[in-house]
file my_file-v8.cif (mmCIF, C-alpha atoms)
data_run
#
loop_
_atom_site.label_atom_id
_atom_site.label_comp_id
_atom_site.auth_asym_id
_atom_site.auth_seq_id
_atom_site.Cartn_x
_atom_site.Cartn_y
_atom_site.Cartn_z
CA MET A 1 144.39 274.92 -36.75
CA PRO A 2 144.59 273.81 -40.41
CA ASP A 3 141.85 271.66 -41.92
CA LEU A 4 143.57 268.32 -41.89
CA ALA A 5 142.42 264.75 -42.52
CA LEU A 6 144.15 261.65 -41.21
CA VAL A 7 144.53 258.54 -43.37
CA MET A 8 145.73 255.37 -41.66
CA LEU A 9 146.86 252.61 -44.02
CA GLY A 10 145.94 249.17 -42.70
CA ALA A 11 145.07 247.06 -45.72
CA GLY A 12 148.35 245.17 -46.01
CA SER A 13 148.65 241.38 -46.08
CA SER A 14 151.10 241.26 -43.13
CA THR A 15 153.07 238.45 -44.78
CA ARG A 16 156.47 239.58 -43.46
CA PHE A 17 155.13 239.53 -39.91
CA ASN A 18 154.85 235.75 -40.32
CA GLN A 19 152.46 235.06 -37.44
CA ARG A 20 149.04 233.42 -37.20
CA VAL A 21 147.54 236.84 -36.40
CA LYS A 22 147.86 239.80 -38.75
CA LYS A 23 149.82 242.62 -37.17
CA GLN A 24 146.88 245.00 -37.72
CA TRP A 25 144.97 242.95 -35.14
CA LEU A 26 147.56 242.50 -32.41
CA ARG A 27 145.78 243.51 -29.23
CA ILE A 28 147.41 246.28 -27.24
CA ASP A 29 145.63 245.57 -23.98
CA ASP A 30 142.10 245.39 -25.47
CA THR A 31 142.70 247.56 -28.54
CA PRO A 32 143.72 246.26 -31.99
CA LEU A 33 146.93 247.78 -33.30
CA TRP A 34 145.23 249.69 -36.14
CA LEU A 35 142.92 251.44 -33.68
CA PHE A 36 145.69 251.98 -31.12
CA ALA A 37 147.85 253.72 -33.75
CA THR A 38 144.88 255.79 -34.94
CA GLN A 39 143.91 256.90 -31.44
CA ASN A 40 147.52 257.78 -30.68
CA LEU A 41 147.53 260.36 -33.49
CA GLN A 42 143.94 261.40 -32.81
CA GLN A 43 144.87 262.58 -29.33
CA LEU A 44 147.66 264.76 -30.76
CA PHE A 45 145.59 266.76 -33.25
CA PRO A 46 141.90 267.59 -33.91
CA PHE A 47 141.60 266.01 -37.36
CA LYS A 48 138.53 266.96 -39.41
CA GLN A 49 138.34 263.43 -40.82
CA ILE A 50 139.80 260.06 -39.90
CA ILE A 51 139.96 257.41 -42.62
CA VAL A 52 141.26 253.86 -42.15
CA THR A 53 141.89 251.44 -45.01
CA THR A 54 141.16 247.76 -44.45
CA THR A 55 141.27 244.53 -46.39
CA PRO A 56 137.91 243.59 -47.93
CA ASP A 57 137.44 240.54 -45.68
CA GLU A 58 138.07 242.55 -42.50
CA HIS A 59 136.16 245.66 -43.54
CA PHE A 60 132.88 244.69 -41.85
CA TYR A 61 134.61 243.80 -38.58
CA ALA A 62 136.73 246.95 -38.35
CA GLY A 63 133.55 249.00 -38.72
CA LYS A 64 132.19 247.52 -35.51
CA PHE A 65 134.88 249.33 -33.50
CA SER A 66 133.90 252.92 -34.34
CA ASP A 67 131.10 254.97 -35.85
CA THR A 68 133.25 258.10 -36.25
CA ILE A 69 135.96 256.62 -38.46
CA THR A 70 135.43 256.26 -42.22
CA PHE A 71 136.50 252.77 -43.31
CA VAL A 72 137.62 252.26 -46.89
CA GLU A 73 138.51 249.00 -48.59
CA GLY A 74 142.12 248.99 -49.66
CA GLY A 75 143.62 247.72 -52.89
CA ALA A 76 146.35 245.35 -53.96
CA THR A 77 149.13 247.88 -53.21
CA ARG A 78 149.78 250.63 -50.69
CA GLN A 79 149.41 253.18 -53.46
CA GLU A 80 146.03 251.81 -54.54
CA SER A 81 144.80 251.75 -50.95
CA LEU A 82 145.85 255.36 -50.45
CA ALA A 83 144.19 256.43 -53.71
CA ASN A 84 140.95 254.79 -52.51
CA ALA A 85 141.17 256.67 -49.22
CA LEU A 86 141.88 260.02 -50.90
CA LEU A 87 138.55 259.78 -52.72
CA HIS A 88 136.95 260.47 -49.32
CA VAL A 89 139.25 263.27 -48.16
CA LYS A 90 137.53 266.67 -48.06
CA THR A 91 140.30 268.77 -46.50
CA PRO A 92 143.12 270.69 -48.28
CA TYR A 93 145.79 268.83 -46.32
CA VAL A 94 146.09 265.15 -45.45
CA LEU A 95 148.36 263.34 -43.01
CA VAL A 96 149.11 259.78 -44.13
CA SER A 97 150.52 257.20 -41.74
CA ASP A 98 150.82 253.44 -41.36
CA ILE A 99 148.99 251.54 -38.66
CA ALA A 100 152.23 249.59 -38.23
CA ARG A 101 153.93 252.76 -36.92
CA PRO A 102 152.04 253.22 -33.62
CA CYS A 103 154.39 255.34 -31.50
CA ILE A 104 154.31 258.81 -33.08
CA ASP A 105 154.93 261.51 -30.46
CA GLN A 106 153.80 265.12 -30.15
CA GLU A 107 157.21 266.65 -30.91
CA MET A 108 157.56 264.74 -34.17
CA LEU A 109 154.09 265.79 -35.30
CA VAL A 110 154.78 269.42 -34.41
CA ARG A 111 157.92 269.38 -36.56
CA ILE A 112 155.89 268.05 -39.48
CA LEU A 113 153.09 270.60 -39.07
CA SER A 114 155.52 273.51 -38.79
CA GLU A 115 156.68 273.03 -42.41
CA MET A 116 153.33 272.49 -44.09
CA GLU A 117 152.59 276.01 -45.36
CA ASN A 118 155.19 276.39 -48.10
CA ASN A 119 155.66 272.78 -49.22
CA ASP A 120 153.75 270.14 -51.13
CA ILE A 121 154.75 267.43 -48.69
CA VAL A 122 156.57 267.24 -45.36
CA VAL A 123 158.48 264.07 -44.61
CA PRO A 124 160.10 262.87 -41.37
CA TYR A 125 163.42 261.07 -41.68
CA LEU A 126 166.21 259.50 -39.66
CA SER A 127 169.90 260.04 -40.31
CA VAL A 128 172.21 257.09 -40.93
CA VAL A 129 174.97 256.57 -38.37
CA ASP A 130 176.70 253.56 -39.96
CA THR A 131 178.85 253.42 -43.06
CA VAL A 132 176.73 252.96 -46.19
CA VAL A 133 177.81 250.86 -49.17
CA TYR A 134 175.68 250.98 -52.32
CA GLU A 135 176.41 248.55 -55.17
CA GLY A 136 179.91 247.94 -53.83
CA THR A 137 180.76 251.62 -53.37
CA THR A 138 180.93 253.48 -50.07
CA ILE A 139 178.76 256.59 -50.26
CA ASN A 140 178.40 259.67 -48.08
CA ARG A 141 176.04 258.63 -45.28
CA ASP A 142 175.15 262.30 -44.67
CA GLN A 143 173.28 262.21 -47.99
CA VAL A 144 171.21 259.17 -46.96
CA LYS A 145 167.83 259.56 -45.27
CA LEU A 146 165.63 256.82 -43.81
CA ILE A 147 162.09 257.94 -44.56
CA GLN A 148 159.30 257.54 -42.00
CA THR A 149 155.59 258.29 -41.75
CA PRO A 150 153.36 260.16 -41.11
CA GLN A 151 153.78 262.39 -44.16
CA LEU A 152 151.79 265.59 -44.59
CA SER A 153 150.69 266.49 -48.14
CA ARG A 154 148.54 268.93 -50.02
CA THR A 155 145.60 266.74 -50.89
CA ASP A 156 145.25 267.83 -54.51
CA ILE A 157 148.98 267.41 -55.17
CA LEU A 158 149.03 263.93 -53.64
CA LYS A 159 146.02 262.84 -55.71
CA LYS A 160 147.75 263.98 -58.91
CA ALA A 161 151.03 262.30 -57.91
CA LEU A 162 149.34 258.95 -57.35
CA ASN A 163 147.50 259.07 -60.68
CA THR A 164 150.20 257.02 -62.38
CA SER A 165 151.03 253.41 -63.18
CA THR A 166 154.41 253.81 -61.51
CA LEU A 167 154.43 252.30 -58.01
CA TYR A 168 156.03 254.27 -55.20
CA THR A 169 156.80 253.02 -51.71
CA ASP A 170 155.87 256.31 -50.06
CA ASP A 171 154.02 259.56 -50.80
CA SER A 172 157.09 261.78 -50.99
CA SER A 173 158.63 259.72 -53.81
CA ALA A 174 155.49 260.18 -55.91
CA ILE A 175 155.26 263.91 -55.27
CA LYS A 176 158.98 264.44 -55.85
CA ALA A 177 158.74 262.56 -59.17
CA MET A 178 156.20 265.10 -60.44
CA GLY A 179 158.37 268.04 -59.38
CA GLY A 180 156.66 268.82 -56.08
CA LYS A 181 158.37 270.63 -53.24
CA VAL A 182 159.49 268.28 -50.47
CA ALA A 183 160.50 269.35 -46.97
CA TYR A 184 162.39 266.97 -44.68
CA VAL A 185 162.14 267.16 -40.90
CA LEU A 186 163.76 265.07 -38.22
CA GLY A 187 161.76 261.98 -37.31
CA ASN A 188 162.05 259.82 -34.21
CA PRO A 189 163.79 256.43 -33.76
CA GLU A 190 160.92 255.37 -31.49
CA ALA A 191 158.48 255.82 -34.38
CA LYS A 192 159.67 252.47 -35.69
CA LYS A 193 157.55 250.50 -38.13
CA LEU A 194 156.40 247.03 -37.11
CA THR A 195 157.32 244.78 -40.02
CA CYS A 196 158.67 241.55 -38.53
CA LYS A 197 157.81 240.04 -35.16
CA GLU A 198 161.31 240.85 -33.90
CA ASP A 199 160.50 244.57 -34.30
CA ILE A 200 158.09 244.38 -31.36
CA ASN A 201 160.99 244.50 -28.92
CA ASP A 202 162.03 247.90 -30.34
CA ILE A 203 158.58 249.52 -30.04
CA PRO A 204 158.23 250.59 -26.41
CA CYS A 205 154.63 251.83 -26.43
CA LEU A 206 153.09 248.40 -27.07
CA LYS A 207 151.54 246.71 -24.03
CA ALA A 208 150.76 243.02 -23.81
CA PRO A 209 147.26 241.86 -24.73
CA SER A 210 144.60 241.69 -22.05
CA SER A 211 144.07 238.29 -20.41
CA SER A 212 140.29 238.67 -20.75
CA HIS A 213 138.13 235.81 -22.04
CA PHE A 214 135.06 236.29 -24.22
CA THR A 215 131.98 234.09 -24.31
CA GLY A 216 129.51 233.74 -27.17
CA GLN A 217 126.25 231.88 -27.56
CA GLY A 218 124.67 230.45 -30.70
CA PHE A 219 121.33 228.81 -31.39
CA ASP A 220 119.94 227.38 -34.60
CA VAL A 221 117.11 225.13 -35.78
CA HIS A 222 116.39 223.32 -39.03
CA ALA A 223 113.39 221.30 -40.15
CA TYR A 224 113.77 217.83 -41.62
CA GLU A 225 113.66 217.24 -45.37
CA GLU A 226 113.49 213.84 -47.01
CA GLY A 227 115.82 212.80 -49.78
CA LYS A 228 118.96 214.38 -48.31
CA VAL A 229 121.77 213.19 -46.09
CA MET A 230 121.82 214.58 -42.56
CA MET A 231 125.01 216.35 -41.51
CA LEU A 232 125.54 217.23 -37.86
CA GLY A 233 128.82 218.66 -36.64
CA GLY A 234 130.48 217.71 -39.90
CA VAL A 235 129.45 214.06 -39.56
CA GLN A 236 126.85 212.21 -41.63
CA VAL A 237 124.30 210.82 -39.15
CA HIS A 238 121.53 209.73 -41.55
CA ASP A 239 121.44 208.98 -45.27
CA THR A 240 117.81 209.59 -46.34
CA ILE A 241 116.52 212.41 -44.14
CA GLY A 242 118.44 215.69 -43.93
CA PHE A 243 117.65 219.33 -43.25
CA LYS A 244 115.76 221.97 -45.17
CA ALA A 245 118.32 224.73 -45.71
CA HIS A 246 120.17 226.91 -48.24
CA SER A 247 123.45 225.21 -47.34
CA ASP A 248 123.83 221.57 -46.27
CA GLY A 249 121.83 222.51 -43.17
CA ASP A 250 124.40 221.42 -40.58
CA VAL A 251 122.56 223.00 -37.68
CA ALA A 252 125.32 222.16 -35.17
CA ILE A 253 128.00 223.97 -37.14
CA HIS A 254 125.69 226.91 -37.76
CA ALA A 255 125.05 227.33 -34.02
CA LEU A 256 128.77 226.96 -33.36
CA ILE A 257 129.66 229.63 -35.93
CA ASP A 258 127.18 232.04 -34.35
CA ALA A 259 128.70 231.40 -30.93
CA LEU A 260 132.23 232.03 -32.22
CA LEU A 261 131.22 235.23 -33.97
CA GLY A 262 129.33 236.34 -30.89
CA ALA A 263 132.38 235.92 -28.67
CA ALA A 264 134.41 238.03 -31.11
CA GLY A 265 131.71 240.70 -31.45
CA ALA A 266 131.59 239.93 -35.17
CA GLY A 267 127.86 239.69 -35.82
CA ASP A 268 126.22 236.47 -36.96
CA ILE A 269 126.40 233.78 -39.62
CA GLY A 270 123.85 235.55 -41.83
CA GLU A 271 126.11 238.60 -42.16
CA LEU A 272 129.05 236.53 -43.41
CA PHE A 273 127.18 233.89 -45.38
CA PRO A 274 123.76 235.27 -46.40
CA ASP A 275 121.20 232.67 -47.43
CA ASN A 276 120.35 234.59 -50.62
CA ASP A 277 123.93 234.25 -51.92
CA GLN A 278 124.22 231.46 -54.50
CA ARG A 279 127.85 230.88 -53.52
CA TYR A 280 126.58 229.14 -50.41
CA LYS A 281 123.89 227.03 -52.08
CA ASN A 282 124.28 223.46 -50.71
CA ILE A 283 127.75 224.34 -49.40
CA ASP A 284 129.49 222.03 -46.96
CA SER A 285 129.21 223.83 -43.61
CA LYS A 286 132.65 222.55 -42.61
CA LEU A 287 134.06 224.98 -45.17
CA LEU A 288 132.19 227.84 -43.51
CA LEU A 289 133.55 226.85 -40.09
CA ARG A 290 137.10 226.73 -41.45
CA GLU A 291 136.67 230.20 -42.92
CA VAL A 292 135.35 231.58 -39.61
CA CYS A 293 138.22 230.01 -37.65
CA SER A 294 140.75 231.45 -40.10
CA PHE A 295 139.12 234.86 -39.73
CA LEU A 296 139.22 234.68 -35.92
CA ALA A 297 142.92 233.79 -36.01
CA LYS A 298 143.72 236.69 -38.37
CA VAL A 299 141.95 239.23 -36.15
CA GLY A 300 143.75 238.11 -33.02
CA PHE A 301 141.72 235.42 -31.23
CA GLU A 302 142.35 231.91 -29.97
CA ILE A 303 139.54 229.43 -29.32
CA THR A 304 139.77 228.03 -25.80
CA HIS A 305 136.56 226.02 -25.33
CA CYS A 306 133.30 225.06 -27.04
CA ASP A 307 130.18 223.31 -25.71
CA LEU A 308 127.29 222.10 -27.90
CA THR A 309 123.89 220.75 -26.90
CA ILE A 310 122.03 218.98 -29.70
CA MET A 311 118.28 218.63 -29.13
CA ALA A 312 116.74 215.87 -31.24
CA GLU A 313 114.21 213.08 -30.92
CA PHE A 314 115.48 211.66 -34.21
CA PRO A 315 117.99 210.33 -34.98
CA ARG A 316 119.62 208.91 -31.85
CA LEU A 317 123.03 210.53 -31.54
CA SER A 318 124.85 208.69 -28.75
CA ALA A 319 126.99 206.80 -31.26
CA PHE A 320 127.97 210.03 -33.09
CA LYS A 321 128.90 212.43 -30.27
CA ASP A 322 132.60 211.57 -30.18
CA LYS A 323 132.85 211.55 -33.98
CA ILE A 324 131.34 215.05 -34.02
CA ARG A 325 133.68 216.18 -31.27
CA PHE A 326 136.83 214.98 -33.01
CA CYS A 327 135.68 216.31 -36.39
CA LEU A 328 134.96 219.80 -35.11
CA ALA A 329 138.11 219.94 -32.96
CA ASP A 330 140.21 219.07 -36.00
CA ILE A 331 138.60 221.83 -38.08
CA MET A 332 139.05 224.35 -35.28
CA ALA A 333 142.64 223.27 -34.46
CA ILE A 334 141.90 222.80 -30.77
CA SER A 335 142.31 219.82 -28.47
CA PRO A 336 139.25 217.52 -28.52
CA ILE A 337 139.05 217.81 -24.74
CA HIS A 338 138.24 221.50 -25.21
CA LEU A 339 135.15 220.71 -27.26
CA ASN A 340 132.16 219.08 -25.60
CA VAL A 341 129.11 217.63 -27.37
CA LYS A 342 125.88 216.73 -25.57
CA ALA A 343 122.76 215.18 -27.08
CA THR A 344 119.32 215.27 -25.50
CA THR A 345 115.63 215.03 -26.33
CA THR A 346 112.89 217.47 -25.36
CA GLU A 347 110.71 214.77 -23.78
CA LYS A 348 108.31 214.80 -26.76
CA LEU A 349 107.64 218.55 -26.29
CA GLY A 350 107.69 221.26 -28.97
CA PHE A 351 108.70 220.92 -32.62
CA VAL A 352 111.72 218.82 -31.62
CA GLY A 353 109.49 216.50 -29.63
CA ARG A 354 107.14 216.19 -32.59
CA GLN A 355 110.12 215.11 -34.71
CA GLU A 356 109.84 218.10 -37.03
CA GLY A 357 113.47 219.16 -36.77
CA VAL A 358 116.60 219.62 -34.66
CA ALA A 359 117.78 222.48 -32.45
CA VAL A 360 121.34 223.15 -31.30
CA SER A 361 122.69 225.48 -28.64
CA ALA A 362 126.40 226.36 -28.59
CA THR A 363 128.64 228.26 -26.17
CA THR A 364 132.22 229.24 -26.99
CA THR A 365 135.08 231.00 -25.24
CA LEU A 366 137.85 233.00 -26.92
CA LYS A 367 140.96 234.79 -25.71
CA TYR A 368 143.40 237.17 -27.36
CA TYR A 369 146.46 235.76 -29.11
CA ASP A 370 149.35 236.36 -26.70
CA TRP A 371 151.97 237.77 -29.07
CA LYS A 372 154.19 238.78 -26.16
CA ASN A 373 154.95 235.17 -25.26
CA VAL A 374 155.41 233.60 -28.67
#

call {"tool": "encode", "arguments": {"input": "my_file-v8.cif", "output": "structure tokens"}}
result
Amino acid sequence: MPDLALVMLGAGSSTRFNQRVKKQWLRIDDTPLWLFATQNLQQLFPFKQIIVTTTPDEHFYAGKFSDTITFVEGGATRQESLANALLHVKTPYVLVSDIARPCIDQEMLVRILSEMENNDIVVPYLSVVDTVVYEGTTINRDQVKLIQTPQLSRTDILKKALNTSTLYTDDSSAIKAMGGKVAYVLGNPEAKKLTCKEDINDIPCLKAPSSSHFTGQGFDVHAYEEGKVMMLGGVQVHDTIGFKAHSDGDVAIHALIDALLGAAGAGDIGELFPDNDQRYKNIDSKLLLREVCSFLAKVGFEITHCDLTIMAEFPRLSAFKDKIRFCLADIMAISPIHLNVKATTTEKLGFVGRQEGVAVSATTTLKYYDWKNV
């Protein structure tokens, strides 16, 4: 077996997919597409290394799925992302594929591997069966190839080929431009790339997402501080006594964010918005909640229900519960009936009972975005 690394490119913006979820994070049963495509190739060959490129804002979350994959932040272009990944490749050969091409089969990979010894890159292609017209002229369709991935390259040659300001749409174009030897092998129509939502119907290996639901819990406390306004659940509930905090101290939103992240397996609020980061000094916590909800949507979740319990002796919150509920539901783009807010005291017990601060407990439920039925 040759020493071979696998690079999976998954740092794209997914704009042409035009859905609320990025295609990288479509769940195939319980597995995100990028991991499904990676595992599909992993079971076909014993790669020495597996490297996956991600967008910077999803890098931390992707890393929670595996401790054997090397995750690399991608760049603004495919070529830049690949160059970043190649910095970590230690093998003489590298197989580069797209996470959006999840249905590579054994026979196609064998054809690619069989040509690796005497070439700088091996490229799978499909023939064209329809008449081809280019700039108003009919051309010989037998001379036209539709290029696919994965593509197998000599690592050193590919690194040199990408060391240019010219942008190429695939590896073989870069290597061919520098005079490298290119071998073409027959690809597979079923190894179709997922670009637009309509392409899903032509990719047979993709199963519908699991119907599982995921529950998260959050808990937060903040002490009172005079001379500030008090924000709870995005609503101002007092104008002279607020919370001691790095941000605006909205303890209800902070507990809610932790619950949402917990349901997604995405860590906690301190990992995303550390309290030693000056960007979040006195920040409106509603902005943080919007960012978390946007993140959850991109990585394939829908919020189905939230329940908050606010524990406070001061101030009295009965007049604010519905305002909080409607405010948070609007931010989270869910029906207000799917967000419940309760307020209680602690019967004069503990720090809450001594009127030293407020505590909030939150529970949330998520489900996968059902891309099959959209």

call {"tool": "closest_atom_pairs", "arguments": {"input": "my_file-v8.cif", "of": "range 187-209 of chain A", "to": "range 20-43 of chain A", "cutoff": "8 Å", "atoms": "all atoms listed in the file", "output": "tab-separated table"}}
result
residue	atom	partner	partner_atom	distance
A:Leu194	CA	A:Lys23	CA	7.9
A:Leu206	CA	A:Ile28	CA	6.1
A:Lys207	CA	A:Ile28	CA	5.2
A:Ala208	CA	A:Asp29	CA	5.7
A:Pro209	CA	A:Asp29	CA	4.1

call {"tool": "resolve_selection", "arguments": {"input": "my_file-v8.cif", "expression": "the PyMOL selection byres ((chain A and resi 48-56) around 6)", "output": "list in words"}}
result
Leu4, Ala5, Leu6, Val7, Met8, Leu9, Gly10, Ala11, Phe47, Asp57, Glu58, His59, Ile69, Thr70, Phe71, Val72, Glu73 and Gly74 of chain A

call {"tool": "closest_residue", "arguments": {"input": "my_file-v8.cif", "among": "A:Leu152, A:Leu186, A:Val251, A:Cys103", "to": "Glu117 in chain A", "atoms": "all atoms listed in the file"}}
result
A:Leu152

call {"tool": "resolve_selection", "arguments": {"input": "my_file-v8.cif", "expression": "the PyMOL selection byres ((chain A and resi 242) around 12)", "output": "PyMOL selection string"}}
result
chain A and resi 222-232+235-241+243-245+247-251+282+314-315+356-358

call {"tool": "residues_around", "arguments": {"input": "my_file-v8.cif", "residues": "range 289-294 of chain A", "least_positions_apart": "3", "cutoff": "12 Å", "atoms": "only C-alpha atoms", "output": "MDAnalysis selection string"}}
result
chainID A and resid 20:22 57:58 233:234 250:262 264 266:269 271:273 283:286 297:303 327:334 366

call {"tool": "resolve_selection", "arguments": {"input": "my_file-v8.cif", "expression": "the PyMOL selection byres ((chain A and resi 120) around 12)", "output": "MDAnalysis selection string"}}
result
chainID A and resid 92:95 115:119 121:123 151:161 171:176 178:184

call {"tool": "residues_around", "arguments": {"input": "my_file-v8.cif", "residues": "Ile203 in chain A", "least_positions_apart": "6", "cutoff": "10 Å", "atoms": "all atoms listed in the file", "output": "ChimeraX atom specification"}}
result
/A:101-103,189-194

call {"tool": "atom_distance", "arguments": {"input": "my_file-v8.cif", "atom1": "CA of Asp370 in chain A", "atom2": "CA of Asp98 in chain A"}}
result
22.6 Å

call {"tool": "atom_distance", "arguments": {"input": "my_file-v8.cif", "atom1": "CA of Ser13 in chain A", "atom2": "CA of Ala100 in chain A"}}
result
11.9 Å

call {"tool": "atom_distance", "arguments": {"input": "my_file-v8.cif", "atom1": "CA of Gly216 in chain A", "atom2": "CA of Thr344 in chain A"}}
result
21.2 Å

call {"tool": "closest_residue", "arguments": {"input": "my_file-v8.cif", "among": "A:Arg354, A:Arg78, A:His338, A:His213", "to": "Gly12 in chain A", "atoms": "all atoms listed in the file"}}
result
A:Arg78
